[in-house]
file protein_32.txt (compact mmCIF, C-alpha atoms)
# COMPACT_ATOMS: atom_id res chain seq x y z
CA MET Z 675 -14.94 16.59 7.61
CA ASN Z 676 -15.81 19.62 5.53
CA GLY Z 677 -17.74 19.51 2.30
CA LYS Z 678 -20.64 17.60 0.89
CA PRO Z 679 -20.15 13.92 0.10
CA GLU Z 680 -20.50 14.56 -3.63
CA ASP Z 681 -17.81 17.23 -3.48
CA ARG Z 682 -15.41 15.05 -1.55
CA LEU Z 683 -15.95 12.18 -3.93
CA GLU Z 684 -15.54 14.43 -6.94
CA ARG Z 685 -12.16 15.54 -5.60
CA ILE Z 686 -11.07 11.92 -5.40
CA VAL Z 687 -12.50 11.07 -8.82
CA ASN Z 688 -10.81 14.08 -10.34
CA ASP Z 689 -7.47 13.03 -8.86
CA LEU Z 690 -7.90 9.51 -10.17
CA LEU Z 691 -8.82 10.64 -13.66
CA HIS Z 692 -5.73 12.83 -13.72
CA GLY Z 693 -3.56 9.90 -12.71
CA ARG Z 694 -2.89 11.26 -9.26
CA ARG Z 695 -2.35 9.23 -6.14
CA LEU Z 696 -5.33 8.52 -3.91
CA LYS Z 697 -5.33 11.11 -1.17
CA LEU Z 698 -7.97 10.32 1.36
CA ARG Z 699 -8.92 12.39 4.35
CA GLY Z 700 -10.83 11.89 7.52
CA GLY Z 701 -14.46 11.41 6.66
CA ASP Z 702 -13.77 9.87 3.29
CA ALA Z 703 -14.17 6.45 4.86
CA GLU Z 704 -17.91 7.11 4.96
CA GLU Z 705 -17.89 6.71 1.20
CA LYS Z 706 -15.39 3.87 1.18
CA GLU Z 707 -17.39 1.64 -1.12
CA ALA Z 708 -17.95 4.41 -3.64
CA ILE Z 709 -14.25 5.28 -3.50
CA THR Z 710 -13.01 1.74 -4.12
CA THR Z 711 -15.49 1.48 -6.97
CA ALA Z 712 -14.26 4.77 -8.42
CA ALA Z 713 -10.70 3.43 -8.27
CA ARG Z 714 -11.73 0.31 -10.18
CA LEU Z 715 -13.50 2.33 -12.83
CA ALA Z 716 -10.50 4.61 -13.21
CA GLY Z 717 -8.26 1.56 -13.43
CA ALA Z 718 -10.38 0.10 -16.20
CA ARG Z 719 -10.11 3.18 -18.34
CA GLN Z 720 -6.76 2.30 -19.81
CA ALA Z 721 -6.56 -1.34 -18.91
CA PRO Z 722 -4.55 -3.43 -19.19
CA GLN Z 723 -1.74 -1.40 -17.77
CA ARG Z 724 1.91 -2.15 -18.15
CA MET Z 725 4.67 -0.84 -15.95
CA HIS Z 726 6.32 2.36 -17.03
CA PRO Z 727 9.80 1.45 -18.37
CA ALA Z 728 11.50 3.63 -15.76
CA PHE Z 729 9.63 1.90 -12.97
CA ARG Z 730 10.40 -1.53 -14.39
CA LYS Z 731 14.05 -0.61 -14.49
CA ARG Z 732 13.96 0.65 -10.93
CA LEU Z 733 12.18 -2.47 -9.81
CA ALA Z 734 14.77 -4.65 -11.52
CA ALA Z 735 17.52 -2.81 -9.69
CA THR Z 736 15.70 -3.26 -6.40
CA LEU Z 737 15.21 -6.96 -7.02
CA ALA Z 738 18.85 -7.40 -7.89
CA GLN Z 739 19.76 -6.07 -4.45
CA THR Z 740 17.17 -8.11 -2.60
CA PRO Z 741 18.71 -10.89 -0.54
CA GLN Z 742 16.98 -14.17 -1.24
CA GLU Z 743 15.87 -16.26 1.66
CA GLY Z 744 15.57 -19.02 -0.83
CA TRP Z 745 12.57 -20.83 0.46
CA LEU Z 746 8.88 -20.97 -0.13
CA THR Z 747 6.98 -22.26 2.85
CA ARG Z 748 4.41 -24.97 2.51
CA ARG Z 749 1.76 -22.61 3.84
CA ALA Z 750 2.75 -19.94 1.38
CA ALA Z 751 2.58 -22.50 -1.39
CA LEU Z 752 -0.86 -23.56 -0.28
CA VAL Z 753 -2.01 -19.97 0.02
CA ALA Z 754 -0.84 -19.48 -3.52
CA GLY Z 755 -2.81 -22.52 -4.59
CA LEU Z 756 0.20 -24.26 -5.97
CA GLY Z 757 -0.81 -27.73 -4.94
CA LEU Z 758 2.75 -28.93 -4.87
CA ALA Z 759 3.04 -32.62 -4.17
CA ALA Z 760 4.22 -33.48 -0.72
CA GLY Z 761 6.74 -35.83 -2.24
CA ALA Z 762 8.43 -32.92 -3.93
CA ALA Z 763 9.19 -31.30 -0.64
CA GLY Z 764 12.79 -30.90 0.23
CA GLY Z 765 11.81 -31.69 3.77
CA THR Z 766 13.98 -28.98 5.25
CA LEU Z 767 12.76 -27.18 8.32
CA VAL Z 768 13.65 -23.55 8.42
CA GLY Z 769 11.95 -21.39 11.00
CA ARG Z 770 13.04 -18.05 9.67
CA ALA Z 771 11.65 -18.64 6.22
CA VAL Z 772 8.35 -16.99 6.97
CA HIS Z 773 9.69 -13.68 8.11
CA PRO Z 774 11.27 -11.48 5.45
CA GLU Z 775 13.91 -8.99 6.35
CA THR Z 776 12.12 -5.72 6.29
CA ALA Z 777 14.62 -3.20 7.49
CA ARG Z 778 16.92 -1.71 4.90
CA ALA Z 779 19.67 0.53 6.19
CA GLY Z 780 18.51 4.01 7.15
CA GLY Z 781 18.40 5.09 10.76
CA GLU Z 782 21.25 7.56 10.48
CA PRO Z 783 21.13 10.45 12.93
CA ILE Z 784 20.19 13.89 11.72
CA ASN Z 785 23.08 16.28 12.35
CA PRO Z 786 21.76 19.72 11.44
CA VAL Z 787 24.21 22.24 10.06
CA HIS Z 788 24.66 24.90 12.74
CA GLY Z 789 22.37 22.83 14.91
CA ARG Z 790 21.18 24.05 18.25
CA TRP Z 791 19.36 22.39 21.12
CA VAL Z 792 15.72 23.37 21.14
CA ASP Z 793 13.46 22.99 24.17
CA VAL Z 794 10.45 20.97 23.00
CA ALA Z 795 8.70 19.61 26.09
CA ALA Z 796 8.81 18.88 29.76
CA MET Z 797 9.81 15.34 30.60
CA ALA Z 798 6.76 15.11 32.84
CA ASP Z 799 4.48 15.91 29.91
CA LEU Z 800 5.58 12.90 27.86
CA ALA Z 801 3.34 9.88 28.25
CA GLU Z 802 5.19 6.60 28.66
CA GLY Z 803 5.77 4.97 25.26
CA GLN Z 804 3.55 7.41 23.39
CA GLY Z 805 4.87 9.36 20.45
CA GLN Z 806 4.89 13.12 20.92
CA HIS Z 807 5.31 15.23 17.82
CA VAL Z 808 7.75 18.10 18.28
CA VAL Z 809 9.33 20.68 16.01
CA ALA Z 810 12.82 22.01 16.55
CA GLY Z 811 13.27 24.65 13.89
CA SER Z 812 13.33 22.74 10.63
CA VAL Z 813 13.62 19.34 12.31
CA SER Z 814 10.31 17.60 12.82
CA ALA Z 815 10.45 14.62 15.15
CA PHE Z 816 8.60 12.24 17.41
CA VAL Z 817 9.99 11.84 20.91
CA PHE Z 818 9.32 8.84 23.12
CA ARG Z 819 9.83 8.46 26.85
CA ARG Z 820 10.48 5.10 28.44
CA GLY Z 821 11.13 5.52 32.10
CA ASP Z 822 13.88 8.08 32.40
CA ALA Z 823 15.11 7.55 28.85
CA VAL Z 824 14.01 9.61 25.86
CA THR Z 825 14.54 8.77 22.20
CA ALA Z 826 13.54 10.60 19.04
CA VAL Z 827 13.08 9.76 15.39
CA SER Z 828 12.40 11.90 12.37
CA ALA Z 829 8.75 12.60 11.62
CA ILE Z 830 9.38 12.29 7.89
CA CYS Z 831 8.70 8.95 6.20
CA SER Z 832 11.83 7.27 4.86
CA HIS Z 833 10.06 6.44 1.61
CA LEU Z 834 7.74 9.23 0.58
CA PRO Z 835 8.34 12.75 1.87
CA CYS Z 836 5.24 12.87 4.02
CA GLU Z 837 4.94 13.70 7.70
CA LEU Z 838 4.11 10.72 9.84
CA TRP Z 839 1.44 10.66 12.51
CA TRP Z 840 1.33 8.78 15.77
CA ASP Z 841 -1.25 6.03 15.69
CA GLY Z 842 -1.79 5.53 19.40
CA ARG Z 843 -4.17 2.63 18.94
CA ASN Z 844 -1.60 0.56 17.09
CA ALA Z 845 1.35 2.20 18.83
CA ASN Z 846 3.22 3.03 15.66
CA LEU Z 847 4.04 5.89 13.35
CA ALA Z 848 1.91 5.81 10.21
CA CYS Z 849 2.51 7.45 6.87
CA PRO Z 850 -0.52 9.20 5.39
CA CYS Z 851 0.81 8.88 1.86
CA HIS Z 852 1.12 5.12 1.56
CA PRO Z 853 0.51 2.04 3.65
CA ALA Z 854 3.66 2.08 5.75
CA THR Z 855 4.16 2.17 9.48
CA PHE Z 856 7.20 2.41 11.71
CA GLU Z 857 7.93 1.35 15.24
CA SER Z 858 8.92 3.90 17.85
CA ASP Z 859 12.58 3.00 17.31
CA GLY Z 860 12.21 4.04 13.68
CA HIS Z 861 12.32 0.59 12.15
CA PRO Z 862 9.59 -0.29 9.67
CA SER Z 863 6.85 -2.52 10.94
CA VAL Z 864 6.80 -6.12 9.88
CA GLY Z 865 5.88 -6.46 6.24
CA TYR Z 866 7.34 -3.20 5.02
CA SER Z 867 10.66 -3.16 3.29
CA LEU Z 868 11.74 0.38 3.89
CA PRO Z 869 14.75 2.11 5.35
CA ALA Z 870 14.47 2.94 9.03
CA LEU Z 871 13.61 6.50 9.99
CA ASN Z 872 16.45 8.86 10.73
CA THR Z 873 17.11 9.24 14.40
CA VAL Z 874 17.13 12.66 16.02
CA HIS Z 875 19.45 13.76 18.82
CA VAL Z 876 17.56 14.34 22.02
CA ARG Z 877 18.58 15.02 25.62
CA VAL Z 878 17.02 15.75 28.99
CA THR Z 879 18.29 18.68 31.04
CA ASP Z 880 18.77 18.68 34.79
CA ALA Z 881 15.61 20.73 35.01
CA GLY Z 882 13.64 17.92 33.39
CA ARG Z 883 13.25 19.61 30.02
CA VAL Z 884 13.49 17.66 26.78
CA GLU Z 885 15.66 19.20 24.09
CA VAL Z 886 16.03 18.17 20.47
CA LEU Z 887 18.97 19.04 18.27
CA GLY Z 888 17.33 21.16 15.62
CA THR Z 889 17.88 24.47 13.90
CA GLU Z 890 17.16 28.15 14.47
CA MET D 74 -1.47 -7.95 7.44
CA THR D 75 -1.16 -11.42 8.74
CA GLU D 76 0.31 -13.56 6.06
CA GLU D 77 3.21 -14.44 8.29
CA GLU D 78 2.92 -17.47 10.47
CA PRO D 79 4.55 -18.34 13.76
CA ALA D 80 8.26 -18.81 13.38
CA GLY D 81 9.55 -22.26 13.96
CA GLN D 82 6.57 -24.08 12.50
CA ALA D 83 7.33 -23.63 8.87
CA GLU D 84 7.88 -26.66 6.80
CA VAL D 85 9.45 -25.46 3.63
CA ILE D 86 9.42 -26.66 0.12
CA GLU D 87 12.55 -26.55 -1.89
CA LEU D 88 11.56 -25.76 -5.42
CA PRO D 89 13.51 -27.05 -8.39
CA ALA D 90 16.75 -25.21 -8.87
CA ALA D 91 17.34 -23.06 -11.92
CA SER D 92 18.85 -19.70 -12.62
CA SER D 93 16.59 -16.76 -13.35
CA ALA D 94 13.80 -16.49 -10.80
CA THR D 95 14.26 -12.74 -10.53
CA ASP D 96 14.03 -12.17 -14.28
CA MET D 97 10.99 -14.36 -14.45
CA ALA D 98 9.51 -12.57 -11.47
CA LEU D 99 9.92 -9.22 -13.17
CA ASP D 100 7.73 -10.40 -16.04
CA GLU D 101 5.26 -11.82 -13.58
CA LEU D 102 5.21 -8.51 -11.77
CA GLU D 103 3.78 -6.95 -14.93
CA LEU D 104 0.65 -8.99 -14.27
CA VAL D 105 0.67 -8.00 -10.64
CA TYR D 106 0.98 -4.35 -11.63
CA ALA D 107 -2.03 -4.63 -13.94
CA PHE D 108 -3.98 -6.39 -11.21
CA ILE D 109 -3.19 -3.69 -8.70
CA TYR D 110 -3.71 -0.83 -11.14
CA ALA D 111 -7.17 -2.16 -11.91
CA ARG D 112 -8.01 -1.73 -8.24
CA VAL D 113 -6.34 1.50 -7.22
CA GLY D 114 -6.79 3.30 -10.52
CA ASN D 115 -3.58 5.32 -10.54
CA ARG D 116 0.01 4.77 -11.48
CA ALA D 117 1.70 6.16 -8.36
CA ASP D 118 -0.11 3.89 -5.93
CA ALA D 119 0.12 0.94 -8.33
CA GLU D 120 3.91 1.34 -8.53
CA ASP D 121 4.22 1.74 -4.81
CA LEU D 122 2.19 -1.37 -4.10
CA THR D 123 3.83 -3.44 -6.82
CA GLN D 124 7.19 -2.63 -5.31
CA GLN D 125 5.92 -3.73 -1.92
CA VAL D 126 4.73 -7.01 -3.42
CA ALA D 127 8.13 -7.56 -4.97
CA MET D 128 10.00 -6.74 -1.79
CA LYS D 129 7.84 -9.03 0.28
CA ALA D 130 7.55 -11.96 -2.09
CA ILE D 131 10.76 -12.18 -4.04
CA PRO D 132 13.07 -12.91 -1.11
CA ARG D 133 10.99 -15.98 -0.37
CA LEU D 134 11.14 -17.50 -3.81
CA ARG D 135 13.83 -19.97 -4.59
CA PRO D 136 15.82 -19.41 -7.76
CA GLY D 137 14.39 -21.60 -10.45
CA ALA D 138 10.91 -21.75 -9.04
CA PRO D 139 8.41 -22.58 -11.79
CA ALA D 140 6.54 -19.64 -13.27
CA SER D 141 3.26 -20.92 -11.89
CA ALA D 142 4.69 -20.95 -8.38
CA ILE D 143 6.06 -17.45 -8.69
CA ARG D 144 2.81 -16.14 -10.13
CA GLY D 145 0.66 -17.75 -7.50
CA TYR D 146 2.75 -16.47 -4.66
CA LEU D 147 3.06 -12.98 -6.08
CA PHE D 148 -0.70 -12.71 -6.41
CA ALA D 149 -1.27 -13.99 -2.91
CA THR D 150 1.12 -11.31 -1.73
CA ALA D 151 -0.59 -8.70 -3.91
CA ARG D 152 -3.89 -9.48 -2.25
CA SER D 153 -2.29 -9.01 1.14
CA VAL D 154 -0.65 -5.73 0.16
CA LEU D 155 -3.86 -4.37 -1.35
CA GLY D 156 -5.72 -5.32 1.79
CA ALA D 157 -3.24 -3.34 3.86
CA PHE D 158 -3.52 -0.41 1.47
CA TRP D 159 -7.29 -0.05 1.74
CA SER D 160 -7.26 -0.93 5.38
CA THR D 161 -4.85 1.89 6.10
CA ARG D 162 -6.50 4.42 3.83
CA LEU D 163 -10.12 3.74 4.62
CA GLY D 164 -10.31 1.40 7.55
CA LEU D 165 -11.72 -1.35 5.39
CA SER D 166 -11.47 -4.91 6.63
CA GLU D 167 -10.46 -7.68 4.27
CA ALA D 168 -13.92 -9.15 4.62
CA GLU D 169 -15.37 -5.95 3.21
CA LEU D 170 -12.84 -6.12 0.44
CA HIS D 171 -13.79 -9.63 -0.55
CA ASP D 172 -15.05 -8.73 -4.00
CA ASP D 173 -12.34 -6.24 -4.64
CA LEU D 174 -9.63 -8.70 -3.77
CA ALA D 175 -11.29 -11.71 -5.29
CA MET D 176 -8.90 -12.89 -7.87
CA VAL D 177 -8.22 -15.51 -10.39
CA THR D 178 -4.55 -15.88 -10.98
CA PRO D 179 -4.21 -15.02 -14.66
CA GLU D 180 -2.90 -17.64 -17.03
CA GLY D 181 -2.14 -15.32 -19.89
CA PRO D 182 0.03 -12.26 -20.24
CA ALA D 183 -2.70 -9.66 -20.80
CA PRO D 184 -5.35 -9.67 -18.10
CA GLU D 185 -8.53 -7.93 -19.22
CA GLU D 186 -10.49 -8.84 -16.15
CA GLY D 187 -10.57 -5.28 -14.86
CA THR D 188 -12.27 -3.95 -17.97
CA GLU D 189 -14.62 -6.87 -18.27
CA THR D 190 -15.64 -6.66 -14.65
CA VAL D 191 -16.34 -2.96 -14.94
CA GLN D 192 -18.50 -3.52 -18.01
CA LEU D 193 -20.48 -6.16 -16.17
CA ILE D 194 -20.99 -3.81 -13.25
CA LEU D 195 -22.06 -0.92 -15.46
CA ALA D 196 -24.50 -3.15 -17.31
CA GLN D 197 -26.48 -3.63 -14.11
CA LEU D 198 -27.00 0.06 -13.42
CA SER D 199 -29.86 2.27 -14.49
CA ASP D 200 -29.38 4.14 -17.77
CA ASN D 201 -28.51 7.46 -16.15
CA TYR D 202 -26.09 6.00 -13.65
CA ARG D 203 -24.38 3.91 -16.32
CA ARG D 204 -24.14 6.87 -18.64
CA VAL D 205 -22.59 9.22 -16.11
CA LEU D 206 -19.97 6.67 -15.11
CA GLU D 207 -19.19 5.70 -18.70
CA LEU D 208 -18.71 9.31 -19.73
CA ARG D 209 -16.70 10.22 -16.66
CA PHE D 210 -14.49 7.19 -16.22
CA LEU D 211 -14.30 5.41 -19.53
CA HIS D 212 -14.38 8.46 -21.83
CA GLY D 213 -12.66 10.87 -19.46
CA TYR D 214 -15.28 13.62 -19.67
CA SER D 215 -15.13 16.46 -17.16
CA LEU D 216 -18.15 17.11 -14.97
CA LYS D 217 -19.03 20.06 -17.17
CA GLU D 218 -18.86 17.97 -20.31
CA VAL D 219 -20.97 15.25 -18.75
CA ALA D 220 -23.52 17.88 -17.69
CA ALA D 221 -23.68 19.22 -21.24
CA GLU D 222 -23.97 15.75 -22.73
CA MET D 223 -26.74 14.77 -20.36
CA LYS D 224 -28.44 18.17 -20.46
CA SER D 225 -28.10 18.72 -16.74
CA THR D 226 -26.15 20.88 -14.32
CA VAL D 227 -22.71 20.27 -12.86
CA GLY D 228 -24.18 20.11 -9.37
CA ALA D 229 -26.77 17.55 -10.36
CA ILE D 230 -24.19 15.44 -12.18
CA LYS D 231 -21.93 15.52 -9.16
CA VAL D 232 -24.72 14.12 -7.00
CA MET D 233 -25.62 11.59 -9.68
CA GLN D 234 -21.99 10.48 -9.86
CA LEU D 235 -21.96 9.84 -6.11
CA ARG D 236 -25.20 7.89 -6.25
CA ALA D 237 -24.07 5.95 -9.31
CA LEU D 238 -20.83 4.94 -7.59
CA ARG D 239 -22.74 3.89 -4.50
CA ALA D 240 -25.04 1.81 -6.68
CA ALA D 241 -22.10 0.32 -8.58
CA ALA D 242 -20.47 -0.63 -5.30
CA LYS D 243 -23.54 -2.66 -4.41
CA VAL D 244 -23.49 -4.70 -7.60
CA ARG D 245 -22.51 -8.26 -6.83
CA LEU D 246 -21.34 -10.24 -9.76
CA GLU D 247 -21.92 -13.95 -9.93
CA GLU D 248 -18.79 -16.01 -9.71

call {"tool": "encode", "arguments": {"input": "protein_32.txt", "output": "structure tokens"}}
result
Amino acid sequence: MNGKPEDRLERIVNDLLHGRRLKLRGGDAEEKEAITTAARLAGARQAPQRMHPAFRKRLAATLAQTPQEGWLTRRAALVAGLGLAAGAAGGTLVGRAVHPETARAGGEPINPVHGRWVDVAAMADLAEGQGQHVVAGSVSAFVFRRGDAVTAVSAICSHLPCELWWDGRNANLACPCHPATFESDGHPSVGYSLPALNTVHVRVTDAGRVEVLGTE
Amino acid sequence: MTEEEPAGQAEVIELPAASSATDMALDELELVYAFIYARVGNRADAEDLTQQVAMKAIPRLRPGAPASAIRGYLFATARSVLGAFWSTRLGLSEAELHDDLAMVTPEGPAPEEGTETVQLILAQLSDNYRRVLELRFLHGYSLKEVAAEMKSTVGAIKVMQLRALRAAAKVRLEE
């Protein structure tokens, strides 16, 4: 990564002191301990913090729409250090209680105005199951090949307007702007309550070319 | 993150029924927000992560759960979410984050632990390191202003800031 360590850290400190989001780049991990310490110091400057009224209102609205599973597992209770008496247990066994619904709507296809099919790759160039970033005019997408089938999802995070990247090691699409990842089908990974990514129209021609419905 | 457990093995606890778990949770989330803010140092990330905590934890709480139960579970979730945040951003493992995530679930409405902890950390640094971090972070001085205050150059202060943060990161506070 470019720049001296003190310059890179200063950029992060400056962002923090101006209330900006942490934007870390490759190489910053070398100073990870200094960065987490800087974040703590910045957090202490105006502590204790309260939620901004607008955020609290937005959060309330979100909570009001959140379906309640209605159960707290024993393990979760223990993790939380609640120490609830066993005798207080309702005794109900519910397997699904540990797995929150993470997917919220989303997943609609992108239908570009005056869309046109754009050649983005050769079928033979797509590695099985690996995300390949392609651009079809103003539509940015990741295409995936599984056998003879090809699917595509938008490369833009469904939460923050940042371009995703393919994390081959974990086989998912990761957002650089916040800790969110998506599966190759566009659904958020377990633990993230986000809308699914938009899907993108994709087809394979007789000549074995992959085309995405994009724009001029 | 791995807070989930294998499906089908969960014995669940039905908490006492009541009516306003969500309202109560919203107040509790104020504490979670302060906890997270004290660790990420900026509003945008703190809001993002607090929302994640809410979305993950609230669906699992039964209406009428006692405040202590809600608070405990929210903070356990906050620790998990923060771990994922740093892990994604910096490749930090939770073991490395032990001190950062170490938490005492607050009993009162106005947690000051972030400020107190920072003061304890600063107190263990050399005079110059403490001074540069106090001026920069607690008083909001620019690099140039710190350089003027400490009769040094911007370049030297920048290096000192890096070294001071490295030193601060090594401070281990007694439990």

call {"tool": "closest_residue", "arguments": {"input": "protein_32.txt", "among": "D:Leu193, D:Val105, D:Val244, D:Leu198", "to": "Val154 (chain D)", "atoms": "only C-alpha atoms"}}
result
D:Val105

call {"tool": "residues_around", "arguments": {"input": "protein_32.txt", "residues": "Leu195 (chain D)", "least_positions_apart": "6", "cutoff": "9 Å", "atoms": "only C-alpha atoms", "output": "PyMOL selection string"}}
result
chain D and resi 202-204+206-207+241+244

call {"tool": "residues_around", "arguments": {"input": "protein_32.txt", "residues": "Trp791 (chain Z)", "least_positions_apart": "2", "cutoff": "10 Å", "atoms": "all atoms listed in the file", "output": "short mmCIF file (atom, residue, chain, number, x, y, z; two decimals) with C-alpha atoms, in the frame of the given file"}}
result
data_model
loop_
_atom_site.label_atom_id
_atom_site.label_comp_id
_atom_site.auth_asym_id
_atom_site.auth_seq_id
_atom_site.Cartn_x
_atom_site.Cartn_y
_atom_site.Cartn_z
CA GLY Z 789 22.37 22.83 14.91
CA ASP Z 793 13.46 22.99 24.17
CA VAL Z 794 10.45 20.97 23.00
CA ALA Z 810 12.82 22.01 16.55
CA GLY Z 811 13.27 24.65 13.89
CA HIS Z 875 19.45 13.76 18.82
CA VAL Z 876 17.56 14.34 22.02
CA ARG Z 877 18.58 15.02 25.62
CA VAL Z 884 13.49 17.66 26.78
CA GLU Z 885 15.66 19.20 24.09
CA VAL Z 886 16.03 18.17 20.47
CA LEU Z 887 18.97 19.04 18.27
CA GLY Z 888 17.33 21.16 15.62
CA THR Z 889 17.88 24.47 13.90
CA GLU Z 890 17.16 28.15 14.47
#

call {"tool": "atom_distance", "arguments": {"input": "protein_32.txt", "atom1": "CA of Leu715 (chain Z)", "atom2": "CA of Phe210 (chain D)"}}
result
6.0 Å

call {"tool": "closest_residue", "arguments": {"input": "protein_32.txt", "among": "Z:His807, Z:Arg695, Z:His788, Z:Lys678", "to": "chain D", "atoms": "all atoms listed in the file"}}
result
Z:Arg695

call {"tool": "closest_residue", "arguments": {"input": "protein_32.txt", "among": "D:Ile109, D:Ala237, D:Ala127, D:Ala151", "to": "Ala734 (chain Z)", "atoms": "only C-alpha atoms"}}
result
D:Ala127

call {"tool": "residues_around", "arguments": {"input": "protein_32.txt", "residues": "Ser863 (chain Z)", "least_positions_apart": "4", "cutoff": "8 Å", "atoms": "all atoms listed in the file", "output": "number ranges by chain"}}
result
Z: 776, 854-857

call {"tool": "axis_aligned_box", "arguments": {"input": "protein_32.txt", "around": "region 237-242 of chain D", "padding_each_side": "4 Å", "output": "lines of an AutoDock Vina configuration file"}}
result
center_x = -22.8
center_y = 2.7
center_z = -6.9
size_x = 12.6
size_y = 14.6
size_z = 12.8

call {"tool": "closest_residue", "arguments": {"input": "protein_32.txt", "among": "Z:Leu683, Z:Leu696, Z:Cys849, Z:Thr710", "to": "His833 (chain Z)", "atoms": "all atoms listed in the file"}}
result
Z:Cys849

call {"tool": "closest_residue", "arguments": {"input": "protein_32.txt", "among": "D:Ser225, D:Thr188, D:Thr150, D:Asn201", "to": "chain Z", "atoms": "all atoms listed in the file"}}
result
D:Thr188

call {"tool": "build_atoms", "arguments": {"input": "protein_32.txt", "residues": "region 149-161 of chain D", "atoms": "N, CA and C atoms", "output": "compact mmCIF listing (two decimals), in the coordinates of the input"}}
result
# COMPACT_ATOMS: atom_id res chain seq x y z
N ALA D 149 -0.85 -13.88 -4.31
CA ALA D 149 -1.27 -13.99 -2.91
C ALA D 149 -0.72 -12.81 -2.11
N THR D 150 0.51 -12.45 -2.42
CA THR D 150 1.12 -11.31 -1.73
C THR D 150 0.44 -10.01 -2.14
N ALA D 151 0.09 -9.90 -3.42
CA ALA D 151 -0.59 -8.70 -3.91
C ALA D 151 -1.91 -8.50 -3.18
N ARG D 152 -2.61 -9.58 -2.97
CA ARG D 152 -3.89 -9.48 -2.25
C ARG D 152 -3.66 -8.95 -0.84
N SER D 153 -2.61 -9.46 -0.21
CA SER D 153 -2.29 -9.01 1.14
C SER D 153 -1.91 -7.54 1.17
N VAL D 154 -1.10 -7.13 0.22
CA VAL D 154 -0.65 -5.73 0.16
C VAL D 154 -1.82 -4.79 -0.13
N LEU D 155 -2.68 -5.19 -1.05
CA LEU D 155 -3.86 -4.37 -1.35
C LEU D 155 -4.77 -4.26 -0.13
N GLY D 156 -4.90 -5.35 0.59
CA GLY D 156 -5.72 -5.32 1.79
C GLY D 156 -5.18 -4.31 2.78
N ALA D 157 -3.87 -4.30 2.94
CA ALA D 157 -3.24 -3.34 3.86
C ALA D 157 -3.44 -1.92 3.37
N PHE D 158 -3.36 -1.74 2.06
CA PHE D 158 -3.52 -0.41 1.47
C PHE D 158 -4.89 0.18 1.80
N TRP D 159 -5.94 -0.57 1.49
CA TRP D 159 -7.29 -0.05 1.74
C TRP D 159 -7.58 0.02 3.23
N SER D 160 -7.04 -0.93 3.94
CA SER D 160 -7.26 -0.93 5.38
C SER D 160 -6.68 0.33 6.00
N THR D 161 -5.49 0.70 5.56
CA THR D 161 -4.85 1.89 6.10
C THR D 161 -5.56 3.16 5.63
